[in-house]
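Have a look at structure_37.txt; it's compact mmCIF, C-alpha atoms:
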# COMPACT_ATOMS: atom_id res chain seq x y z
CA ALA X 1 22.69 6.62 56.35
CA ILE X 2 23.04 5.02 52.96
CA GLU X 3 24.63 7.24 50.34
CA ILE X 4 22.89 7.02 46.97
CA SER X 5 24.88 7.96 43.92
CA PRO X 6 23.64 10.98 41.95
CA LEU X 7 23.18 8.77 38.88
CA LEU X 8 20.68 6.52 40.69
CA ALA X 9 19.04 9.44 42.42
CA SER X 10 18.28 11.07 39.08
CA HIS X 11 16.07 8.14 38.06
CA ASP X 12 12.72 6.99 39.39
CA ILE X 13 13.59 3.40 40.20
CA THR X 14 9.94 2.62 40.92
CA SER X 15 8.82 3.54 37.42
CA GLN X 16 8.14 0.74 34.99
CA ARG X 17 8.75 0.68 31.28
CA ARG X 18 5.70 1.79 29.31
CA PRO X 19 4.22 -0.94 27.13
CA THR X 20 4.99 -0.40 23.48
CA ALA X 21 2.39 -0.27 20.71
CA LEU X 22 3.28 -3.85 19.84
CA ALA X 23 2.90 -5.25 23.37
CA LEU X 24 0.42 -8.09 22.88
CA PRO X 25 -0.81 -11.00 24.99
CA ILE X 26 0.52 -14.45 24.10
CA TRP X 27 -2.81 -15.59 22.65
CA VAL X 28 -2.86 -12.57 20.32
CA LEU X 29 0.69 -13.29 19.14
CA PHE X 30 -0.31 -16.91 18.53
CA GLY X 31 -3.38 -15.79 16.60
CA GLY X 32 -1.25 -13.35 14.59
CA ALA X 33 1.18 -16.16 13.75
CA LEU X 34 -1.72 -18.31 12.52
CA LEU X 35 -2.94 -15.38 10.44
CA LEU X 36 0.47 -15.05 8.79
CA VAL X 37 0.59 -18.80 8.15
CA LEU X 38 -2.84 -18.56 6.51
CA ALA X 39 -1.74 -15.58 4.39
CA VAL X 40 1.47 -17.28 3.24
CA GLY X 41 -0.34 -20.57 2.62
CA LEU X 42 -2.94 -18.95 0.38
CA ARG X 43 -0.29 -17.11 -1.60
CA TRP X 44 1.96 -20.17 -1.85
CA ARG X 45 -0.94 -22.23 -3.18
CA ALA X 46 -1.95 -19.51 -5.63
CA ALA X 47 1.64 -19.28 -6.89
CA ALA X 48 1.75 -22.96 -7.85
CA GLY X 49 0.38 -22.50 -11.38
CA ASP X 50 2.34 -22.02 -14.58
CA LEU X 51 3.94 -18.67 -15.34
CA TRP X 52 1.79 -16.32 -17.38
CA LEU X 53 2.63 -13.98 -20.27
CA ASP X 54 4.05 -10.95 -18.42
CA GLU X 55 6.20 -13.13 -16.16
CA LEU X 56 7.61 -15.02 -19.15
CA VAL X 57 8.30 -11.79 -21.02
CA THR X 58 10.18 -10.44 -18.00
CA LEU X 59 12.32 -13.60 -17.76
CA ASP X 60 13.08 -13.43 -21.49
CA HIS X 61 14.10 -9.77 -21.15
CA LEU X 62 16.44 -10.57 -18.25
CA ARG X 63 18.11 -13.36 -20.23
CA HIS X 64 19.68 -10.77 -22.54
CA LEU X 65 21.21 -8.58 -19.82
CA ASP X 66 24.92 -8.69 -19.01
CA SER X 67 24.70 -7.09 -15.57
CA PRO X 68 22.07 -6.65 -12.86
CA LEU X 69 22.84 -2.90 -12.95
CA ALA X 70 21.29 -2.81 -16.42
CA ILE X 71 17.93 -3.57 -14.80
CA ILE X 72 17.93 -0.14 -13.16
CA TRP X 73 20.33 1.87 -15.34
CA GLY X 74 19.86 0.26 -18.73
CA ARG X 75 17.25 0.29 -21.46
CA TYR X 76 13.83 0.82 -19.89
CA PHE X 77 11.36 -1.97 -20.39
CA ASP X 78 7.96 -1.30 -18.81
CA ASN X 79 7.31 -4.98 -18.10
CA SER X 80 10.37 -5.11 -15.84
CA HIS X 81 9.75 -3.97 -12.28
CA PRO X 82 13.34 -3.44 -11.04
CA LEU X 83 13.21 -4.99 -7.55
CA ASN X 84 11.39 -8.10 -8.77
CA SER X 85 13.66 -8.28 -11.82
CA LEU X 86 16.76 -8.12 -9.61
CA TYR X 87 15.37 -11.01 -7.57
CA LEU X 88 14.70 -13.08 -10.71
CA TYR X 89 18.09 -12.20 -12.21
CA LEU X 90 19.98 -13.42 -9.14
CA LEU X 91 18.09 -16.73 -8.95
CA PRO X 92 19.71 -19.85 -10.41
CA ASP X 93 18.01 -21.27 -13.48
CA ALA X 94 15.19 -23.85 -13.49
CA GLN X 95 13.38 -22.78 -10.34
CA SER X 96 9.83 -23.78 -9.42
CA PRO X 97 7.01 -21.22 -9.95
CA GLN X 98 6.75 -20.66 -6.20
CA VAL X 99 10.46 -19.82 -5.92
CA LEU X 100 10.24 -17.45 -8.89
CA ARG X 101 7.34 -15.77 -7.13
CA GLY X 102 8.99 -15.97 -3.72
CA LEU X 103 9.64 -12.24 -3.38
CA SER X 104 5.97 -11.46 -3.98
CA ILE X 105 4.86 -14.14 -1.50
CA LEU X 106 7.18 -12.67 1.15
CA ALA X 107 5.92 -9.16 0.31
CA GLY X 108 2.34 -10.38 0.76
CA ALA X 109 3.14 -11.65 4.26
CA VAL X 110 4.84 -8.34 5.12
CA THR X 111 1.78 -6.43 3.86
CA VAL X 112 -0.54 -8.42 6.13
CA LEU X 113 1.85 -7.93 9.07
CA PHE X 114 2.03 -4.13 8.73
CA VAL X 115 -1.70 -3.79 8.09
CA ALA X 116 -2.39 -5.83 11.25
CA MET X 117 0.04 -3.59 13.16
CA LEU X 118 -1.86 -0.56 11.86
CA GLY X 119 -5.07 -2.15 13.15
CA ARG X 120 -3.37 -2.85 16.49
CA ARG X 121 -3.34 0.91 17.12
CA ARG X 122 -7.12 0.55 17.46
CA GLY X 123 -6.91 -2.42 19.79
CA VAL X 124 -6.78 -6.21 19.54
CA ALA X 125 -9.99 -6.31 17.48
CA GLY X 126 -8.39 -4.00 14.93
CA PHE X 127 -5.32 -6.25 14.79
CA PHE X 128 -7.38 -9.25 13.71
CA ILE X 129 -9.96 -7.45 11.56
CA TYR X 130 -7.40 -5.52 9.51
CA GLY X 131 -5.07 -8.50 9.20
CA THR X 132 -7.81 -10.98 8.26
CA ILE X 133 -9.33 -8.75 5.57
CA PHE X 134 -5.98 -8.23 3.84
CA ALA X 135 -4.89 -11.85 4.32
CA LEU X 136 -8.02 -13.13 2.55
CA SER X 137 -8.52 -10.34 -0.01
CA PHE X 138 -8.50 -11.63 -3.59
CA PRO X 139 -6.50 -8.71 -5.12
CA PHE X 140 -3.81 -9.04 -2.46
CA VAL X 141 -3.60 -12.82 -2.75
CA HIS X 142 -3.46 -12.45 -6.53
CA PHE X 143 -0.73 -9.79 -6.68
CA SER X 144 1.32 -11.52 -3.99
CA SER X 145 1.42 -14.75 -5.97
CA GLU X 146 2.87 -13.58 -9.29
CA ALA X 147 6.46 -12.70 -10.25
CA ARG X 148 5.72 -9.00 -10.69
CA GLY X 149 6.30 -5.85 -8.67
CA TYR X 150 2.79 -5.16 -7.39
CA GLY X 151 3.11 -7.31 -4.25
CA SER X 152 6.22 -5.49 -3.03
CA LEU X 153 4.71 -2.15 -4.10
CA MET X 154 1.83 -2.76 -1.68
CA ALA X 155 4.18 -3.93 1.08
CA PHE X 156 6.27 -0.75 0.99
CA TRP X 157 3.15 1.40 0.64
CA CYS X 158 1.73 -0.14 3.84
CA MET X 159 5.08 0.40 5.58
CA ALA X 160 4.98 4.08 4.58
CA ILE X 161 1.43 4.40 5.93
CA TYR X 162 2.54 2.79 9.19
CA LEU X 163 5.28 5.42 9.54
CA VAL X 164 3.22 8.55 8.76
CA GLU X 165 -0.30 7.58 9.91
CA PRO X 166 -1.80 10.25 12.23
CA SER X 167 -1.85 8.06 15.36
CA ALA X 168 1.68 6.76 14.74
CA LYS X 169 4.08 7.12 17.65
CA VAL X 170 7.18 6.47 15.55
CA LYS X 171 10.11 8.67 16.56
CA PRO X 172 10.77 11.46 14.01
CA SER X 173 14.41 10.37 13.75
CA ARG X 174 13.29 6.91 12.65
CA VAL X 175 10.86 8.35 10.12
CA HIS X 176 13.65 10.48 8.64
CA TRP X 177 15.78 7.46 7.74
CA LEU X 178 13.18 4.69 7.43
CA LEU X 179 10.80 6.54 5.09
CA PRO X 180 13.51 7.30 2.46
CA LEU X 181 14.57 3.63 2.49
CA VAL X 182 10.97 2.47 2.12
CA SER X 183 10.40 5.05 -0.64
CA VAL X 184 13.41 3.94 -2.69
CA LEU X 185 12.45 0.27 -2.40
CA GLY X 186 8.84 1.16 -3.25
CA LEU X 187 9.96 3.06 -6.36
CA LEU X 188 12.11 0.10 -7.39
CA SER X 189 9.06 -2.12 -6.94
CA HIS X 190 6.96 -0.02 -9.32
CA LEU X 191 6.89 3.57 -10.58
CA PHE X 192 3.35 3.83 -9.18
CA PHE X 193 4.98 4.46 -5.80
CA LEU X 194 5.57 8.06 -6.94
CA ALA X 195 1.81 8.65 -6.88
CA ALA X 196 1.51 6.81 -3.55
CA LEU X 197 4.20 8.98 -1.93
CA ALA X 198 2.61 12.19 -3.26
CA VAL X 199 -0.80 11.15 -1.88
CA LEU X 200 0.69 10.38 1.55
CA ALA X 201 2.35 13.82 1.61
CA LEU X 202 -0.95 15.50 0.68
CA TRP X 203 -2.71 13.52 3.42
CA HIS X 204 -0.05 14.68 5.88
CA LEU X 205 -0.53 18.29 4.74
CA GLU X 206 -4.32 18.12 5.06
CA ARG X 207 -4.00 16.80 8.61
CA ARG X 208 -1.77 19.73 9.62
CA LEU X 209 -4.16 22.25 8.07
CA ALA X 210 -7.16 20.58 9.75
CA GLU X 211 -5.40 20.94 13.10
CA GLY X 212 -5.29 24.70 12.60
CA GLU X 213 -1.71 25.21 11.44
CA GLY X 214 -0.98 27.92 8.87
CA VAL X 215 -0.21 26.94 5.30
CA MET X 216 3.53 27.63 5.52
CA ALA X 217 3.84 26.04 8.97
CA ALA X 218 2.01 22.92 7.73
CA TYR X 219 4.20 22.82 4.63
CA ASP X 220 7.36 23.04 6.76
CA ARG X 221 6.15 20.17 8.97
CA VAL X 222 5.39 17.99 5.95
CA MET X 223 8.75 18.74 4.34
CA ALA X 224 10.50 17.91 7.59
CA ASP X 225 9.06 14.39 7.37
CA PHE X 226 9.22 13.92 3.60
CA ARG X 227 12.29 15.94 2.52
CA SER X 228 14.74 13.04 2.78
CA SER X 229 12.34 10.73 0.94
CA CYS X 230 11.82 13.29 -1.83
CA TRP X 231 15.57 13.71 -2.30
CA ALA X 232 16.22 9.96 -2.31
CA VAL X 233 13.43 9.29 -4.82
CA ALA X 234 14.39 12.28 -6.98
CA LEU X 235 18.06 11.23 -7.19
CA LEU X 236 17.19 7.62 -8.05
CA LEU X 237 14.56 8.60 -10.60
CA THR X 238 16.83 11.20 -12.23
CA SER X 239 19.60 8.63 -12.67
CA MET X 240 17.09 6.14 -14.13
CA LEU X 241 15.65 8.74 -16.52
CA TRP X 242 19.16 9.64 -17.67
CA ALA X 243 19.85 5.97 -18.42
CA TRP X 244 16.54 5.55 -20.26
CA ARG X 245 17.26 8.64 -22.36
CA ARG X 246 20.65 7.18 -23.25
CA PHE X 247 19.66 3.57 -23.87
CA GLY X 248 16.04 3.95 -24.94
CA MET X 249 12.61 3.04 -23.59
CA GLU X 250 9.95 0.50 -24.50
CA PHE X 251 6.36 1.20 -23.47
CA GLY X 252 3.30 -0.92 -24.10
CA GLY X 253 0.32 0.62 -25.85
CA LEU X 254 -2.22 2.70 -23.96
CA PRO X 255 -5.95 2.49 -24.59
CA SER X 256 -7.18 5.42 -26.62
CA GLY X 257 -9.83 7.64 -25.10
CA ASP X 258 -10.83 11.15 -24.20
CA ILE X 259 -10.89 12.16 -20.52
CA GLY X 260 -13.29 14.96 -21.45
CA ASN X 261 -15.78 12.53 -23.00
CA LEU X 262 -18.27 11.69 -20.21
CA PRO X 263 -19.64 8.43 -21.76
CA TRP X 264 -16.06 7.18 -22.25
CA VAL X 265 -15.15 8.10 -18.64
CA LEU X 266 -18.22 6.32 -17.27
CA GLU X 267 -17.50 3.23 -19.39
CA PHE X 268 -13.84 2.98 -18.40
CA PHE X 269 -14.40 3.78 -14.72
CA GLY X 270 -17.28 1.30 -14.58
CA ALA X 271 -15.14 -1.36 -16.26
CA SER X 272 -12.39 -0.81 -13.69
CA MET X 273 -14.88 -1.12 -10.84
CA ALA X 274 -16.30 -4.31 -12.38
CA ARG X 275 -12.81 -5.82 -12.17
CA VAL X 276 -12.23 -4.59 -8.61
CA PHE X 277 -15.49 -6.11 -7.37
CA GLY X 278 -15.33 -9.20 -9.60
CA LEU X 279 -18.68 -8.46 -11.27
CA GLY X 280 -17.65 -8.98 -14.89
CA ASP X 281 -20.56 -7.90 -17.10
CA ALA X 282 -23.27 -8.55 -14.52
CA LEU X 283 -24.16 -4.83 -14.48
CA PRO X 284 -23.79 -2.12 -17.15
CA HIS X 285 -20.50 -0.30 -16.67
CA TRP X 286 -22.10 3.15 -16.70
CA LEU X 287 -24.39 2.04 -13.87
CA LEU X 288 -21.43 0.82 -11.82
CA ALA X 289 -19.70 4.17 -12.43
CA VAL X 290 -22.68 5.83 -10.72
CA LEU X 291 -23.32 3.25 -7.98
CA VAL X 292 -19.74 2.95 -6.71
CA PRO X 293 -19.26 6.66 -5.83
CA CYS X 294 -22.72 6.68 -4.21
CA GLY X 295 -21.79 3.62 -2.16
CA LEU X 296 -18.46 5.18 -1.17
CA ILE X 297 -20.13 8.42 -0.06
CA SER X 298 -22.60 6.40 2.01
CA LEU X 299 -19.72 4.52 3.62
CA PHE X 300 -17.93 7.82 4.32
CA LEU X 301 -21.03 9.20 6.04
CA LEU X 302 -21.47 6.00 8.07
CA HIS X 303 -17.83 6.14 9.12
CA ARG X 304 -18.13 9.80 10.14
CA SER X 305 -21.27 9.16 12.20
CA LEU X 306 -19.67 6.23 14.05
CA ALA X 307 -16.18 7.64 14.69
CA PRO X 308 -15.99 11.36 13.82
CA GLU X 309 -12.42 11.89 15.06
CA ARG X 310 -11.13 8.84 13.23
CA ALA X 311 -13.04 9.82 10.08
CA GLN X 312 -11.58 13.32 10.14
CA ALA X 313 -8.03 12.01 10.58
CA TRP X 314 -8.34 9.63 7.61
CA ARG X 315 -10.66 11.79 5.46
CA ALA X 316 -8.03 12.96 2.95
CA PHE X 317 -6.55 9.44 2.71
CA TYR X 318 -9.88 7.96 1.63
CA VAL X 319 -10.93 10.83 -0.64
CA LEU X 320 -7.60 10.84 -2.48
CA HIS X 321 -7.34 7.05 -2.89
CA LEU X 322 -11.01 6.30 -3.59
CA LEU X 323 -12.10 9.29 -5.66
CA ILE X 324 -8.99 10.96 -7.13
CA VAL X 325 -6.38 8.24 -7.74
CA PRO X 326 -8.78 6.03 -9.81
CA LEU X 327 -9.12 8.91 -12.28
CA LEU X 328 -5.33 9.12 -12.69
CA PHE X 329 -5.25 5.53 -13.95
CA LEU X 330 -8.51 5.69 -15.85
CA LYS X 331 -6.94 4.79 -19.21
CA PHE X 332 -5.59 1.53 -17.81
CA GLY X 333 -8.26 -1.12 -17.74
CA HIS X 334 -6.51 -3.88 -15.77
CA LEU X 335 -7.28 -4.55 -12.12
CA ARG X 336 -3.67 -3.92 -11.10
CA TYR X 337 -3.98 -0.23 -12.00
CA GLN X 338 -6.75 0.18 -9.42
CA ILE X 339 -4.87 -1.61 -6.66
CA PHE X 340 -4.63 1.56 -4.51
CA PHE X 341 -8.40 1.97 -4.82
CA ALA X 342 -8.94 -1.65 -3.75
CA ALA X 343 -6.52 -1.31 -0.83
CA ALA X 344 -8.07 1.95 0.42
CA LEU X 345 -11.53 0.39 0.18
CA LEU X 346 -10.34 -2.53 2.32
CA PHE X 347 -8.88 -0.06 4.84
CA LEU X 348 -12.22 1.74 5.01
CA LEU X 349 -14.14 -1.51 5.49
CA ALA X 350 -11.71 -2.63 8.20
CA ASP X 351 -12.07 0.78 9.84
CA VAL X 352 -15.88 0.60 9.92
CA LEU X 353 -15.95 -3.05 11.04
CA THR X 354 -13.51 -2.33 13.88
CA THR X 355 -15.71 0.56 15.02
CA PHE X 356 -18.78 -1.68 14.87
CA TRP X 357 -17.02 -4.31 16.95
CA GLN X 358 -15.83 -1.81 19.56
CA GLN X 359 -19.25 -0.17 19.97
CA ALA X 360 -20.97 -3.58 19.97
CA ARG X 361 -24.52 -2.44 19.34
CA PRO X 362 -26.97 -5.22 18.43
CA GLY X 363 -27.65 -3.92 14.92
CA HIS X 364 -23.95 -3.78 14.18
CA TRP X 365 -23.67 -7.56 14.07
CA VAL X 366 -26.02 -7.56 11.09
CA ALA X 367 -23.89 -4.89 9.41
CA ILE X 368 -20.73 -6.90 10.10
CA ALA X 369 -22.27 -9.99 8.52
CA LEU X 370 -23.43 -8.03 5.46
CA MET X 371 -20.00 -6.44 4.94
Whole structure given in C-alpha cells:
Amino acid sequence: AIEISPLLASHDITSQRRPTALALPIWVLFGGALLLVLAVGLRWRAAAGDLWLDELVTLDHLRHLDSPLAIIWGRYFDNSHPLNSLYLYLLPDAQSPQVLRGLSILAGAVTVLFVAMLGRRRGVAGFFIYGTIFALSFPFVHFSSEARGYGSLMAFWCMAIYLVEPSAKVKPSRVHWLLPLVSVLGLLSHLFFLAALAVLALWHLERRLAEGEGVMAAYDRVMADFRSSCWAVALLLTSMLWAWRRFGMEFGGLPSGDIGNLPWVLEFFGASMARVFGLGDALPHWLLAVLVPCGLISLFLLHRSLAPERAQAWRAFYVLHLLIVPLLFLKFGHLRYQIFFAAALLFLLADVLTTFWQQARPGHWVAIALM
C-alpha cells in the first residue's frame, strides 16, 4: 500500500484551476492589443497640436511654485488638476506636446482597457464592443489628448466601476484597499470624482435594496465596501481645504442663471447636449432638451425589454448619470462638465449593442448599423 500524506489527501488533485474572468483566447488577446494600439495612436495623433489656453495657464501657474507639495497643499487654483500638475511639474523643460500630454494619453489607454474588461464579463463580443466604442469615442479621444485632468479622472472612474459593478467577482479584501487608492488618485485627477464616488455608492445601495435587503442592512453592506474610500477621500480633501483656507483660492467665473427658471434650464441643458452630440446650432436648444430625455427613456425601455436582469442591475447607474448628474453641472456649459453623461451614454449603447449581438435576431443587425 502507498501511504499518502494528509496534506495531499486533503486536496482534490484531479481538480483543475477555474478560468479567471480575464482568461481569453490568443486571438482575443491579439485583437485587444490592436485595439489598445488604435486607442493610443488616435490619442497620440490628437495630442500633436499646439498647447491651448488652459494648458498654458497651468504651466505658467506651475512655474511660480517652489515645491510640488504646493500643488496639493498650497494656494488653490481651479485650472490646476493636481495629478496632472504633478506630472507636468516633474517633467524637464522644453518637452514636446505629446510628452506634456503623456499622462492623459496613458490614462486614455487605461480607460479603454478597463472598459473592455468590463465588457468581457458579458463575453468576447462585449470585450470588443465596449472597447471599440470607447477607443473611438470623440469625447474620450479629446480628453485623453490634452494636458488636463479629465483623462485620468475617467480612467480612475472606470477602475472604480470595475471594482464595484454588480457582476464583479473581485475579492472584498481587494476592494477594501484598491478602491481607496483609486478614489484618492481620482480626487487628485479632478474634484468631480467626489460626485462620481457618491453616485457609485448610491448605485451600490440601490442594488442591495432591489435584492430585498433592509435599509440598514443595505447601508451596512455599502459602508463595508466604501468606508475606507470615504475616509481616505475625506482626509485628503480636509487637508486640501485647510491649505486653501490658509493660502487662498482662485475660481473662474460661473455662468449666471436661475435653476428655477424653466426656459433657462431648457436652454442650458439643450446647449450641453448639443456639445455632447456635436450638433452645434443645428437644432434649437430647447428642442434638444426635450428630445434627449425622450430618446434616453426609449433606450432604457429597449434595454429592459432585451435584457431585463441586466437592465435592473444597471438601472440606478444609468438614471443617476444620464438624468441626475447633468443637472448638477447645468451651469457649466463646456462639454467636459458633461463627461459623465457622455460616458454613461456610451456604456448604455455598448450594453444594448452587446445584447443585440448575443441574441442575433435579423432585425438587430439594422439596429446595430443605425447605432
Item to check | Distance query Arg148 in chain X at most 7 Å, only C-alpha atoms, self and fewer than 6 positions along chain excluded, as a PyMOL selection string | outcome: chain X and resi 55+81+84
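Distance-wise, CA of Ile161 in chain X and CA of Arg221 in chain X end up 16.7 Å apart.
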Can you report as AutoDock Vina command-line options the centre and edge lengths in Å, to one decimal, of an axis-aligned box around the listed atoms of range 104-112 of chain X padded with 6 Å on each side?
--center_x 3.3 --center_y -10.3 --center_z 1.1 --size_x 19.7 --size_y 19.7 --size_z 22.1
Next on the checklist: Can you measure CA of Cys230 in chain X to CA of Phe140 in chain X for me? One decimal in Å is fine.
Outcome noted: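 These atoms are spaced 27.3 Å apart.
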Item to check | Pick from X:Arg315, X:Val115, X:Val184, X:Ala135 nearest to Leu163 in chain X, counting all atoms listed in the file | outcome: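 Residue with the minimum atom-to-atom distance to Leu163 in chain X: X:Val115.
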Checklist outcome for this item: Between X:Ile105, X:Leu349, X:Ala48, X:Ala210, smallest distance to Glu309 in chain X by only C-alpha atoms belongs to X:Ala210
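Interatomic distance, CA of Ser228 in chain X against CA of Val325 in chain X: 24.1 Å.
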Next on the checklist: I'd like the contact shell of Arg208 in chain X - 9 Å cut-off, all atoms listed in the file, skipping same-chain residues fewer than 5 positions apart - returned as a PyMOL selection string.
Outcome noted: chain X and resi 203+213-215+217-219+221-222
Which polymer residues have any atom within 10 Å of an atom of Leu288 in chain X, counting all atoms listed in the file, with same-chain residues fewer than 2 positions away left out, as a PDB file with C-alpha atoms, keeping the file's coordinate frame?
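The resulting file, result02.pdb, is shown below:
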ATOM      1  CA  LEU X 266     -18.220   6.320 -17.270  1.00  0.00           C
ATOM      2  CA  GLU X 267     -17.500   3.230 -19.390  1.00  0.00           C
ATOM      3  CA  PHE X 269     -14.400   3.780 -14.720  1.00  0.00           C
ATOM      4  CA  GLY X 270     -17.280   1.300 -14.580  1.00  0.00           C
ATOM      5  CA  ALA X 271     -15.140  -1.360 -16.260  1.00  0.00           C
ATOM      6  CA  SER X 272     -12.390  -0.810 -13.690  1.00  0.00           C
ATOM      7  CA  MET X 273     -14.880  -1.120 -10.840  1.00  0.00           C
ATOM      8  CA  ALA X 274     -16.300  -4.310 -12.380  1.00  0.00           C
ATOM      9  CA  LEU X 279     -18.680  -8.460 -11.270  1.00  0.00           C
ATOM     10  CA  ALA X 282     -23.270  -8.550 -14.520  1.00  0.00           C
ATOM     11  CA  LEU X 283     -24.160  -4.830 -14.480  1.00  0.00           C
ATOM     12  CA  PRO X 284     -23.790  -2.120 -17.150  1.00  0.00           C
ATOM     13  CA  HIS X 285     -20.500  -0.300 -16.670  1.00  0.00           C
ATOM     14  CA  TRP X 286     -22.100   3.150 -16.700  1.00  0.00           C
ATOM     15  CA  VAL X 290     -22.680   5.830 -10.720  1.00  0.00           C
ATOM     16  CA  LEU X 291     -23.320   3.250  -7.980  1.00  0.00           C
ATOM     17  CA  VAL X 292     -19.740   2.950  -6.710  1.00  0.00           C
ATOM     18  CA  PRO X 293     -19.260   6.660  -5.830  1.00  0.00           C
ATOM     19  CA  CYS X 294     -22.720   6.680  -4.210  1.00  0.00           C
TER      20      CYS X 294
END
Checklist entry - Near Gly295 in chain X, counting only C-alpha atoms, which residues have an atom at most 12 Å away, once you skip same-chain residues fewer than 5 positions from it, shown as number ranges by chain? => result X: 288-290, 300-302, 322-323, 345, 349
Just C-alpha atoms for this one: save the residues we selected as a compact mmCIF listing (two decimals), in the frame of the given file.
# COMPACT_ATOMS: atom_id res chain seq x y z
CA LEU X 288 -21.43 0.82 -11.82
CA ALA X 289 -19.70 4.17 -12.43
CA VAL X 290 -22.68 5.83 -10.72
CA PHE X 300 -17.93 7.82 4.32
CA LEU X 301 -21.03 9.20 6.04
CA LEU X 302 -21.47 6.00 8.07
CA LEU X 322 -11.01 6.30 -3.59
CA LEU X 323 -12.10 9.29 -5.66
CA LEU X 345 -11.53 0.39 0.18
CA LEU X 349 -14.14 -1.51 5.49
